[in-house]
Amino acid sequence: MTRLPAAIAERATSLLVLLGAWEGAAWFAHSRLFPGPGIVLATLAEETIHGDLLYHLGATLARVAVAFALAMTIGSAIGIAMARSRALDALLDSWVVLFLNLPALVLAVLLYVWLGLTEAAAIGAVTLSKLPTVVVTLREGARALDGDLAAMAKSFRLSAWRTLRHVTLPQLSPFFVIASRTGLALIWKIVLVVELLGRPDGIGYAIQVFFQLFDVKRLIAYSLAFVAVVLAIEWGILQPFERRLTRWRR
Amino acid sequence: MAAVTVGISIDVSEKRYPGGRPVIALRNLETRIAPGEFCVVTGPSGCGKTTLLNIVAGLDQDFLGILGFEPAGGRSPRIGYVFQNPRLLPWRTVRENVALVRPRDHDRFEVERLLGEVGLADAADIYPTRLSGGMARRAALARAFAITPDLLLMDEPFVSLDRPAADRLRRLLVRLVTSRPLTVLFVTHDLGEAVELADRVLVLSPSPGRVVAEMPIELPRDRRRDRDTLPALQDELARLAGIQPGHSSLRIPSS
């Protein structure tokens with residue numbers, strides 16, 4: 001455990017150097033369009049307490065949560081079904097490849113055109129962008145399921161529920177984790193674009209407004225708040241979850 | 001949960017693995033295993049021993065023939081299966097692996113008692129990746145006994161263990177089996193192991209497997225263990241199986 005404080009010190013130094021360089025550049029540029037970290041952090045605090053930051057952040061996080069949940073459940077179901085049925089795999093494989101390579105921007109524009117500038121279109125676009133990666137990952141996982149363990153479960157007449165919980169899901173869990181991480185990284189980027197194009201709230205919408213007003217300090221403050229939440233979820237939820245799942249390997 | 005001793009009647013007219021070049025694993029394999037009998041099946045590699053176990057276990061239902069359990073009409077027998085590889089769940093502790101096969105409302109003490117009986121009381125909380133080969137076999141044995149089986153199926157369970165470890169496990173198995181009403185179907189290619197454990201040895205032919213010889217052994221197990229008896233029994237079995245006396249294994253030597 002002696003290495004942990006050293007790692008923290010290294011990271012802190014690296015961040016301080018970044019802040020210093022930023023402050024120096026801002027001082028040098030001396031422009032309203034290039035605010036230093038001091039001004040941005042003050043804006044961040046101000047917007048959190050008196051402004052709309054929490055409101056927009058909440059709207060974005062709600063979209064992320066719904067799209068993430070939808071993409072994970074539907075994607076897992078499709079992926080596992082494709083691993084188990086050759087016919088389904090043959091039918092859907094090219095669809096998956098098509099959707100994997102379809103830019104999220106195109107999906108968002110098309111859905112807004114077809115469904116109007118609605119919440120359903122926004123969440124649908126985010127979900128559909130993430131869905132194919134989940135399908136591919138879980139298909140891989142389900143194909144790698146251990147037949148010997150399945151035979152063991154069958155010979156001991158384990159119930160379907162016990163087999164799922166103790167035999168099948170633990171084998172799939174690394175793939176759920178991979179799908180969550182890559183999927184979430186993707187969603188964070190797409191959701192802002194979708195909001196920018198056609199929603200009246202959310203971080204993406206706020207960034208569009210600040211862009212039109214050339215309000216760079218708020219633009220950066222909102223982005224930083226968003227990044228902070230992303231990192232908090234990565235470190236606070238996903239990584240501990242992953243450690244819990246892989247406990248038995250140690 | 002009282003176990004009833006079950007008998008098995010096996011009549012497989014053909015078991016075929018389909019494919020580009022279909023393989024016939026068993027043909028006209030017919031035998032009856034009496035309730036409470038310890039029956040050892042031996043034969044050359046690839047003669048369908050594991051296939052036979054999978055058919056009896058109900059894992060493989062794609063065969064021509066009849067599989068029956070006695071007493072007929074009773075509930076289907078509880079089957080404990082010890083595989084060639086222990087097939088423990090690596091993400092569950094030893095205790096959880098054993099408890100998994102028990103009914104939901106099971107008596108927790110029973111699991112602890114079994115773990116103690118196989119000598120794993122101190123290893124109950126560790127994950128299988130940390131177990132030695134011998135300990136993993138013990139865990140697999142405990143799991144098979146945890147369902148209070150009527151019928152125990154064992155597929156070369158002690159292969160790839162060193163000799164002392166295999167000896168200890170065989171003695172443990174005999175202890176576990178003799179203290180319970182239980183029918184055992186045990187597959188091995190090791191003739192010494194076969195004559196040490198069996199009430200009756202079945203010898204299968206090379207593929208497609210059928211019973212070509214059988215050898216009942218009346219002598220109680222504890223009186224076979226002296227210096228002369230086991231080798232004599234082993235030679236007799238070797239002669240029945242049609243191989244040179246003195247060879248201990250029916251494995252076809254790779255040339």
# chains A, B, ... in the order shown; residues from 1 in each chain; ligands from 1

$ residues_around --residues "Lys130 of chain A" --least-positions-apart "6" --cutoff "12 Å" --atoms "only C-alpha atoms" --output "compact mmCIF listing (two decimals) with C-alpha atoms, in the first residue's frame"
# COMPACT_ATOMS: atom_id res chain seq x y z
CA VAL A 64 -27.40 8.49 -20.34
CA ALA A 67 -30.04 4.83 -23.04
CA PHE A 68 -27.40 2.79 -21.23
CA ALA A 69 -29.95 0.53 -19.57
CA LEU A 70 -31.87 0.03 -22.82
CA ALA A 71 -28.78 -0.67 -24.91
CA MET A 72 -27.37 -3.11 -22.35
CA THR A 73 -30.55 -5.16 -21.93
CA ILE A 74 -31.61 -5.24 -25.56
CA GLY A 75 -28.04 -5.63 -26.81
CA SER A 76 -27.27 -8.48 -24.41
CA VAL A 96 -24.84 -5.33 -36.80
CA PHE A 99 -25.00 -0.20 -37.47
CA LEU A 100 -21.47 -0.48 -36.06
CA ASN A 101 -20.23 1.70 -38.90
CA LEU A 102 -23.15 4.12 -39.12
CA PRO A 103 -22.04 7.48 -37.65
CA ALA A 104 -24.04 8.46 -34.57
CA LEU A 107 -28.68 8.26 -36.65
CA ILE A 123 -32.71 8.46 -26.42
CA GLY A 124 -33.33 6.21 -29.40
CA VAL A 136 -20.95 -8.00 -30.60
CA THR A 137 -19.35 -8.20 -27.14
CA ALA A 179 -19.63 -3.70 -22.89
CA SER A 180 -20.44 -1.25 -20.08
CA ARG A 181 -17.10 0.49 -20.26
CA THR A 182 -16.78 0.84 -24.02
CA GLY A 183 -20.48 1.58 -24.25
CA LEU A 184 -20.41 4.28 -21.61
CA ALA A 185 -17.36 5.92 -23.20
CA LEU A 186 -19.32 6.02 -26.44
CA ILE A 187 -22.52 7.32 -24.86
CA TRP A 188 -20.77 10.21 -23.10
CA LYS A 189 -19.63 11.50 -26.47
CA ILE A 190 -22.82 10.88 -28.42
CA VAL A 191 -25.30 12.22 -25.91

$ interface_residues --of "chain B" --to "chain A" --cutoff "10 Å" --atoms "only C-alpha atoms" --output "PyMOL selection string"
chain B and resi 54+56-60+78-83+85-93+96-97+100-103+126-130+143-144+147+149

$ write_last_selection --atoms "N, CA and C atoms" --output "short mmCIF file (atom, residue, chain, number, x, y, z; two decimals), in the first residue's frame"
data_model
loop_
_atom_site.label_atom_id
_atom_site.label_comp_id
_atom_site.auth_asym_id
_atom_site.auth_seq_id
_atom_site.Cartn_x
_atom_site.Cartn_y
_atom_site.Cartn_z
N ASN B 54 -22.29 -40.53 -19.90
CA ASN B 54 -23.17 -39.41 -20.25
C ASN B 54 -24.57 -39.88 -20.59
N VAL B 56 -26.00 -42.59 -19.22
CA VAL B 56 -26.62 -42.93 -17.94
C VAL B 56 -27.00 -41.67 -17.17
N ALA B 57 -26.14 -40.62 -17.28
CA ALA B 57 -26.41 -39.38 -16.56
C ALA B 57 -27.59 -38.61 -17.14
N GLY B 58 -28.02 -38.98 -18.35
CA GLY B 58 -29.10 -38.26 -18.99
C GLY B 58 -28.60 -37.04 -19.75
N LEU B 59 -27.28 -36.87 -19.82
CA LEU B 59 -26.73 -35.73 -20.56
C LEU B 59 -26.85 -35.96 -22.06
N ASP B 60 -26.82 -37.22 -22.44
CA ASP B 60 -26.87 -37.57 -23.86
C ASP B 60 -28.09 -38.46 -24.08
N ARG B 78 -31.30 -39.69 -8.02
CA ARG B 78 -30.36 -38.57 -7.89
C ARG B 78 -28.98 -39.06 -8.28
N ILE B 79 -28.36 -38.34 -9.19
CA ILE B 79 -27.09 -38.79 -9.74
C ILE B 79 -25.99 -37.80 -9.39
N GLY B 80 -24.94 -38.32 -8.75
CA GLY B 80 -23.75 -37.51 -8.51
C GLY B 80 -22.71 -37.86 -9.55
N TYR B 81 -22.18 -36.84 -10.22
CA TYR B 81 -21.26 -37.10 -11.33
C TYR B 81 -19.90 -36.48 -10.96
N VAL B 82 -18.86 -37.31 -10.96
CA VAL B 82 -17.51 -36.78 -10.77
C VAL B 82 -16.80 -36.89 -12.11
N PHE B 83 -16.50 -35.73 -12.69
CA PHE B 83 -15.95 -35.70 -14.04
C PHE B 83 -14.44 -35.88 -14.01
N ASN B 85 -12.21 -33.86 -15.29
CA ASN B 85 -11.77 -32.60 -14.70
C ASN B 85 -12.78 -32.24 -13.63
N PRO B 86 -12.32 -31.64 -12.52
CA PRO B 86 -13.26 -31.44 -11.40
C PRO B 86 -14.48 -30.60 -11.76
N ARG B 87 -14.36 -29.72 -12.76
CA ARG B 87 -15.48 -28.87 -13.17
C ARG B 87 -16.10 -28.13 -11.99
N LEU B 88 -15.25 -27.54 -11.16
CA LEU B 88 -15.76 -26.67 -10.10
C LEU B 88 -15.96 -25.29 -10.70
N LEU B 89 -16.88 -24.53 -10.11
CA LEU B 89 -17.08 -23.16 -10.58
C LEU B 89 -15.96 -22.30 -10.00
N PRO B 90 -15.09 -21.75 -10.83
CA PRO B 90 -13.92 -21.04 -10.29
C PRO B 90 -14.30 -19.77 -9.54
N TRP B 91 -15.50 -19.23 -9.79
CA TRP B 91 -15.91 -17.98 -9.15
C TRP B 91 -16.73 -18.22 -7.88
N ARG B 92 -16.79 -19.47 -7.44
CA ARG B 92 -17.46 -19.75 -6.17
C ARG B 92 -16.46 -20.47 -5.26
N THR B 93 -16.57 -20.23 -3.96
CA THR B 93 -15.65 -20.89 -3.04
C THR B 93 -15.97 -22.38 -2.99
N GLU B 96 -19.28 -22.94 -1.43
CA GLU B 96 -20.40 -22.56 -2.31
C GLU B 96 -20.58 -23.57 -3.43
N ASN B 97 -19.46 -24.11 -3.94
CA ASN B 97 -19.56 -25.13 -4.98
C ASN B 97 -20.31 -26.36 -4.49
N LEU B 100 -24.08 -25.49 -3.70
CA LEU B 100 -24.87 -25.17 -4.89
C LEU B 100 -25.81 -26.30 -5.31
N VAL B 101 -25.36 -27.55 -5.18
CA VAL B 101 -26.17 -28.65 -5.69
C VAL B 101 -27.21 -29.13 -4.67
N ARG B 102 -27.14 -28.57 -3.44
CA ARG B 102 -28.09 -29.00 -2.42
C ARG B 102 -29.44 -28.32 -2.66
N PRO B 103 -30.51 -28.93 -2.14
CA PRO B 103 -31.81 -28.26 -2.27
C PRO B 103 -31.80 -26.94 -1.51
N ILE B 126 -11.86 -20.95 0.25
CA ILE B 126 -10.97 -20.50 -0.82
C ILE B 126 -11.56 -20.85 -2.18
N TYR B 127 -11.06 -20.16 -3.19
CA TYR B 127 -11.55 -20.36 -4.55
C TYR B 127 -10.78 -21.51 -5.21
N PRO B 128 -11.45 -22.29 -6.08
CA PRO B 128 -10.85 -23.50 -6.66
C PRO B 128 -9.52 -23.27 -7.38
N THR B 129 -9.29 -22.06 -7.91
CA THR B 129 -8.01 -21.84 -8.60
C THR B 129 -6.82 -22.00 -7.67
N ARG B 130 -7.09 -21.90 -6.35
CA ARG B 130 -6.00 -22.02 -5.39
C ARG B 130 -5.81 -23.44 -4.89
N ARG B 143 -18.99 -32.56 -3.63
CA ARG B 143 -20.15 -32.05 -4.34
C ARG B 143 -21.04 -33.20 -4.81
N ALA B 144 -20.41 -34.27 -5.34
CA ALA B 144 -21.20 -35.39 -5.82
C ALA B 144 -21.98 -36.04 -4.67
N ILE B 147 -25.52 -34.25 -2.90
CA ILE B 147 -26.92 -34.41 -3.29
C ILE B 147 -27.51 -35.72 -2.75
N PRO B 149 -26.56 -38.90 -3.38
CA PRO B 149 -26.88 -39.57 -4.64
C PRO B 149 -27.36 -41.01 -4.42
#

$ residues_around --residues "Tyr55 of chain A" --least-positions-apart "6" --cutoff "12 Å" --atoms "only C-alpha atoms" --output "PDB file with N, CA and C atoms, in the first residue's frame"
ATOM      1  N   GLU A  47     -22.204  28.663 -11.122  1.00  0.00           N
ATOM      2  CA  GLU A  47     -23.260  28.007 -11.901  1.00  0.00           C
ATOM      3  C   GLU A  47     -23.886  26.839 -11.140  1.00  0.00           C
ATOM      4  N   THR A  48     -23.059  26.155 -10.325  1.00  0.00           N
ATOM      5  CA  THR A  48     -23.590  25.041  -9.547  1.00  0.00           C
ATOM      6  C   THR A  48     -24.590  25.546  -8.519  1.00  0.00           C
ATOM      7  N   ILE A  49     -24.235  26.682  -7.864  1.00  0.00           N
ATOM      8  CA  ILE A  49     -25.072  27.165  -6.763  1.00  0.00           C
ATOM      9  C   ILE A  49     -26.256  27.977  -7.287  1.00  0.00           C
ATOM     10  N   LEU A  61     -27.616  13.244 -17.542  1.00  0.00           N
ATOM     11  CA  LEU A  61     -27.393  11.964 -16.854  1.00  0.00           C
ATOM     12  C   LEU A  61     -28.609  11.062 -16.966  1.00  0.00           C
ATOM     13  N   ALA A  62     -29.803  11.647 -16.916  1.00  0.00           N
ATOM     14  CA  ALA A  62     -31.018  10.841 -17.046  1.00  0.00           C
ATOM     15  C   ALA A  62     -31.046  10.171 -18.413  1.00  0.00           C
ATOM     16  N   PRO A 200     -33.992  20.851 -25.632  1.00  0.00           N
ATOM     17  CA  PRO A 200     -33.975  22.167 -24.984  1.00  0.00           C
ATOM     18  C   PRO A 200     -33.307  22.150 -23.610  1.00  0.00           C
ATOM     19  N   ASP A 201     -32.623  21.065 -23.270  1.00  0.00           N
ATOM     20  CA  ASP A 201     -31.908  21.038 -21.999  1.00  0.00           C
ATOM     21  C   ASP A 201     -30.773  20.014 -22.091  1.00  0.00           C
ATOM     22  N   GLY A 202     -29.964  19.917 -21.053  1.00  0.00           N
ATOM     23  CA  GLY A 202     -28.813  19.017 -21.072  1.00  0.00           C
ATOM     24  C   GLY A 202     -27.530  19.774 -21.364  1.00  0.00           C
ATOM     25  N   ILE A 203     -26.395  19.137 -21.035  1.00  0.00           N
ATOM     26  CA  ILE A 203     -25.098  19.774 -21.198  1.00  0.00           C
ATOM     27  C   ILE A 203     -24.853  20.138 -22.667  1.00  0.00           C
ATOM     28  N   TYR A 205     -27.036  20.925 -24.941  1.00  0.00           N
ATOM     29  CA  TYR A 205     -27.800  22.125 -25.257  1.00  0.00           C
ATOM     30  C   TYR A 205     -27.097  23.365 -24.708  1.00  0.00           C
ATOM     31  N   ALA A 206     -26.654  23.291 -23.447  1.00  0.00           N
ATOM     32  CA  ALA A 206     -25.988  24.429 -22.803  1.00  0.00           C
ATOM     33  C   ALA A 206     -24.745  24.828 -23.597  1.00  0.00           C
ATOM     34  N   TYR A 222     -19.022  24.009 -17.808  1.00  0.00           N
ATOM     35  CA  TYR A 222     -20.002  22.937 -17.968  1.00  0.00           C
ATOM     36  C   TYR A 222     -19.318  21.636 -18.425  1.00  0.00           C
TER      37      TYR A 222
END

$ residues_around --residues "Gly242 of chain B" --least-positions-apart "5" --cutoff "12 Å" --atoms "only C-alpha atoms" --output "ChimeraX atom specification"
/B:43-44,203-206,212-214,235-237,247,249-250

$ write_last_selection --atoms "N, CA and C atoms" --output "short mmCIF file (atom, residue, chain, number, x, y, z; two decimals), in the first residue's frame"
data_model
loop_
_atom_site.label_atom_id
_atom_site.label_comp_id
_atom_site.auth_asym_id
_atom_site.auth_seq_id
_atom_site.Cartn_x
_atom_site.Cartn_y
_atom_site.Cartn_z
N GLY B 43 -11.56 -50.22 -20.61
CA GLY B 43 -11.47 -50.48 -22.04
C GLY B 43 -10.49 -49.51 -22.66
N PRO B 44 -10.11 -49.77 -23.91
CA PRO B 44 -9.10 -48.92 -24.55
C PRO B 44 -9.60 -47.50 -24.75
N VAL B 203 -15.33 -55.05 -19.26
CA VAL B 203 -14.32 -54.65 -20.24
C VAL B 203 -15.02 -54.35 -21.55
N LEU B 204 -14.79 -53.16 -22.08
CA LEU B 204 -15.39 -52.79 -23.36
C LEU B 204 -14.40 -53.04 -24.49
N SER B 205 -14.95 -53.32 -25.66
CA SER B 205 -14.14 -53.53 -26.86
C SER B 205 -13.68 -52.17 -27.40
N PRO B 206 -12.68 -52.19 -28.28
CA PRO B 206 -12.37 -50.94 -28.99
C PRO B 206 -13.60 -50.45 -29.75
N VAL B 212 -17.17 -56.93 -23.76
CA VAL B 212 -16.55 -58.15 -24.27
C VAL B 212 -16.16 -59.11 -23.15
N ALA B 213 -16.06 -58.63 -21.94
CA ALA B 213 -15.71 -59.52 -20.83
C ALA B 213 -16.16 -58.89 -19.54
N GLU B 214 -16.47 -59.74 -18.56
CA GLU B 214 -16.72 -59.17 -17.24
C GLU B 214 -16.12 -60.05 -16.17
N ASP B 235 -3.67 -59.36 -13.16
CA ASP B 235 -3.27 -60.23 -14.27
C ASP B 235 -4.47 -60.97 -14.85
N GLU B 236 -5.35 -61.39 -13.93
CA GLU B 236 -6.53 -62.10 -14.40
C GLU B 236 -7.39 -61.20 -15.29
N LEU B 237 -7.54 -59.94 -14.83
CA LEU B 237 -8.32 -58.98 -15.63
C LEU B 237 -7.64 -58.72 -16.97
N HIS B 247 0.86 -55.66 -17.88
CA HIS B 247 0.50 -54.30 -18.29
C HIS B 247 -0.55 -53.77 -17.34
N SER B 249 -2.28 -50.92 -17.87
CA SER B 249 -3.19 -49.96 -18.47
C SER B 249 -3.72 -50.46 -19.79
N LEU B 250 -4.97 -50.07 -20.06
CA LEU B 250 -5.54 -50.43 -21.35
C LEU B 250 -5.36 -49.33 -22.37
#

$ residues_around --residues "segment 176-192 of chain B" --least-positions-apart "4" --cutoff "6 Å" --atoms "only C-alpha atoms" --output "ChimeraX atom specification"
/B:5,35-42,150-156,234,248-250

$ write_last_selection --atoms "N, CA and C atoms" --output "mmCIF file, in the first residue's frame"
data_model
loop_
_atom_site.group_PDB
_atom_site.id
_atom_site.type_symbol
_atom_site.label_atom_id
_atom_site.label_comp_id
_atom_site.auth_asym_id
_atom_site.auth_seq_id
_atom_site.Cartn_x
_atom_site.Cartn_y
_atom_site.Cartn_z
ATOM 1 N N THR B 5 -31.289 -47.541 -3.062
ATOM 2 C CA THR B 5 -30.290 -48.047 -3.999
ATOM 3 C C THR B 5 -30.991 -48.387 -5.294
ATOM 4 N N PRO B 35 -28.491 -53.068 -7.787
ATOM 5 C CA PRO B 35 -28.540 -52.039 -6.752
ATOM 6 C C PRO B 35 -27.387 -52.224 -5.762
ATOM 7 N N GLY B 36 -26.684 -51.174 -5.457
ATOM 8 C CA GLY B 36 -25.608 -51.221 -4.484
ATOM 9 C C GLY B 36 -24.293 -51.732 -5.032
ATOM 10 N N GLU B 37 -24.266 -52.046 -6.330
ATOM 11 C CA GLU B 37 -23.045 -52.587 -6.905
ATOM 12 C C GLU B 37 -22.032 -51.476 -7.215
ATOM 13 N N PHE B 38 -20.751 -51.818 -7.060
ATOM 14 C CA PHE B 38 -19.676 -50.919 -7.492
ATOM 15 C C PHE B 38 -19.138 -51.496 -8.793
ATOM 16 N N CYS B 39 -19.575 -50.921 -9.903
ATOM 17 C CA CYS B 39 -19.230 -51.481 -11.204
ATOM 18 C C CYS B 39 -18.184 -50.604 -11.882
ATOM 19 N N VAL B 40 -17.067 -51.217 -12.254
ATOM 20 C CA VAL B 40 -16.003 -50.479 -12.930
ATOM 21 C C VAL B 40 -16.024 -50.829 -14.418
ATOM 22 N N VAL B 41 -15.969 -49.806 -15.260
ATOM 23 C CA VAL B 41 -15.940 -50.024 -16.702
ATOM 24 C C VAL B 41 -14.559 -49.656 -17.200
ATOM 25 N N THR B 42 -13.957 -50.567 -17.939
ATOM 26 C CA THR B 42 -12.638 -50.276 -18.464
ATOM 27 C C THR B 42 -12.582 -50.677 -19.933
ATOM 28 N N ASP B 150 -28.227 -41.445 -5.313
ATOM 29 C CA ASP B 150 -28.571 -42.871 -5.380
ATOM 30 C C ASP B 150 -27.540 -43.581 -6.245
ATOM 31 N N LEU B 151 -26.986 -42.806 -7.168
ATOM 32 C CA LEU B 151 -26.087 -43.361 -8.170
ATOM 33 C C LEU B 151 -24.923 -42.403 -8.339
ATOM 34 N N LEU B 152 -23.717 -42.968 -8.291
ATOM 35 C CA LEU B 152 -22.524 -42.144 -8.435
ATOM 36 C C LEU B 152 -21.832 -42.521 -9.738
ATOM 37 N N LEU B 153 -21.609 -41.520 -10.600
ATOM 38 C CA LEU B 153 -20.907 -41.761 -11.858
ATOM 39 C C LEU B 153 -19.527 -41.122 -11.763
ATOM 40 N N MET B 154 -18.488 -41.886 -12.096
ATOM 41 C CA MET B 154 -17.144 -41.340 -11.970
ATOM 42 C C MET B 154 -16.365 -41.634 -13.246
ATOM 43 N N ASP B 155 -15.816 -40.560 -13.822
ATOM 44 C CA ASP B 155 -15.115 -40.686 -15.103
ATOM 45 C C ASP B 155 -13.623 -40.449 -14.892
ATOM 46 N N GLU B 156 -12.872 -41.513 -14.744
ATOM 47 C CA GLU B 156 -11.434 -41.425 -14.477
ATOM 48 C C GLU B 156 -11.128 -40.295 -13.504
ATOM 49 N N GLN B 234 -5.154 -58.337 -11.036
ATOM 50 C CA GLN B 234 -4.882 -57.473 -12.185
ATOM 51 C C GLN B 234 -4.489 -58.309 -13.411
ATOM 52 N N SER B 248 -0.407 -52.535 -16.921
ATOM 53 C CA SER B 248 -1.337 -52.012 -15.936
ATOM 54 C C SER B 248 -2.423 -51.182 -16.588
ATOM 55 N N SER B 249 -2.280 -50.925 -17.871
ATOM 56 C CA SER B 249 -3.190 -49.957 -18.467
ATOM 57 C C SER B 249 -3.722 -50.464 -19.791
ATOM 58 N N LEU B 250 -4.967 -50.073 -20.060
ATOM 59 C CA LEU B 250 -5.540 -50.426 -21.347
ATOM 60 C C LEU B 250 -5.362 -49.329 -22.374
#

$ atom_distance --atom1 "atom CA of Ala120 of chain A" --atom2 "atom CA of Pro132 of chain A"
18.8 Å

$ closest_residue --among "B:Leu131, B:Ile8, B:Phe109, B:Val195" --to "Val94 of chain B" --atoms "only C-alpha atoms"
B:Leu131

$ closest_residue --among "A:Ile8, A:Leu19, A:Val134, A:Ala142" --to "Ala81 of chain A" --atoms "only C-alpha atoms"
A:Ala142

$ residues_around --residues "Ala221 of chain A" --least-positions-apart "2" --cutoff "12 Å" --atoms "only C-alpha atoms" --output "number ranges by chain"
A: 35-48, 51-54, 57, 203, 206-207, 210, 215-219, 223-228

$ select_by_dssp --residues "segment 17-236 of chain B" --states "alpha helix (DSSP H)" --output "PyMOL selection string"
chain B and resi 49-57+94-100+108-117+133-146+163-178+191-197+229-236

$ residues_around --residues "Leu114 of chain B" --least-positions-apart "5" --cutoff "9 Å" --atoms "only C-alpha atoms" --output "PyMOL selection string"
chain B and resi 98+109+119-121+142-143+145-146

$ write_last_selection --atoms "N, CA and C atoms" --output "PDB file, in the first residue's frame"
ATOM      1  N   VAL B  98     -20.051 -26.755  -3.243  1.00  0.00           N
ATOM      2  CA  VAL B  98     -20.714 -27.939  -2.701  1.00  0.00           C
ATOM      3  C   VAL B  98     -22.175 -27.620  -2.375  1.00  0.00           C
ATOM      4  N   PHE B 109     -25.296 -27.549   8.014  1.00  0.00           N
ATOM      5  CA  PHE B 109     -24.335 -28.364   8.730  1.00  0.00           C
ATOM      6  C   PHE B 109     -23.877 -29.552   7.886  1.00  0.00           C
ATOM      7  N   GLY B 119     -11.821 -33.891   4.049  1.00  0.00           N
ATOM      8  CA  GLY B 119     -10.582 -33.238   4.466  1.00  0.00           C
ATOM      9  C   GLY B 119     -10.404 -31.841   3.905  1.00  0.00           C
ATOM     10  N   LEU B 120     -11.516 -31.144   3.674  1.00  0.00           N
ATOM     11  CA  LEU B 120     -11.409 -29.785   3.124  1.00  0.00           C
ATOM     12  C   LEU B 120     -11.986 -28.733   4.064  1.00  0.00           C
ATOM     13  N   ALA B 121     -12.146 -29.104   5.358  1.00  0.00           N
ATOM     14  CA  ALA B 121     -12.765 -28.159   6.288  1.00  0.00           C
ATOM     15  C   ALA B 121     -12.018 -26.822   6.305  1.00  0.00           C
ATOM     16  N   ALA B 142     -16.949 -34.229  -2.786  1.00  0.00           N
ATOM     17  CA  ALA B 142     -17.901 -33.701  -1.801  1.00  0.00           C
ATOM     18  C   ALA B 142     -19.160 -33.206  -2.485  1.00  0.00           C
ATOM     19  N   ARG B 143     -18.991 -32.557  -3.634  1.00  0.00           N
ATOM     20  CA  ARG B 143     -20.154 -32.050  -4.344  1.00  0.00           C
ATOM     21  C   ARG B 143     -21.044 -33.204  -4.810  1.00  0.00           C
ATOM     22  N   PHE B 145     -21.363 -36.098  -3.482  1.00  0.00           N
ATOM     23  CA  PHE B 145     -22.049 -36.705  -2.349  1.00  0.00           C
ATOM     24  C   PHE B 145     -23.054 -35.761  -1.710  1.00  0.00           C
ATOM     25  N   ALA B 146     -22.933 -34.454  -2.012  1.00  0.00           N
ATOM     26  CA  ALA B 146     -23.798 -33.471  -1.368  1.00  0.00           C
ATOM     27  C   ALA B 146     -25.258 -33.623  -1.779  1.00  0.00           C
TER      28      ALA B 146
END

$ closest_residue --among "B:Gly116, B:Gly20, B:Ile33, B:Gly133" --to "Asp199 of chain B" --atoms "only C-alpha atoms"
B:Ile33

$ atom_distance --atom1 "atom CA of Val211 of chain B" --atom2 "atom CA of Leu29 of chain B"
5.9 Å
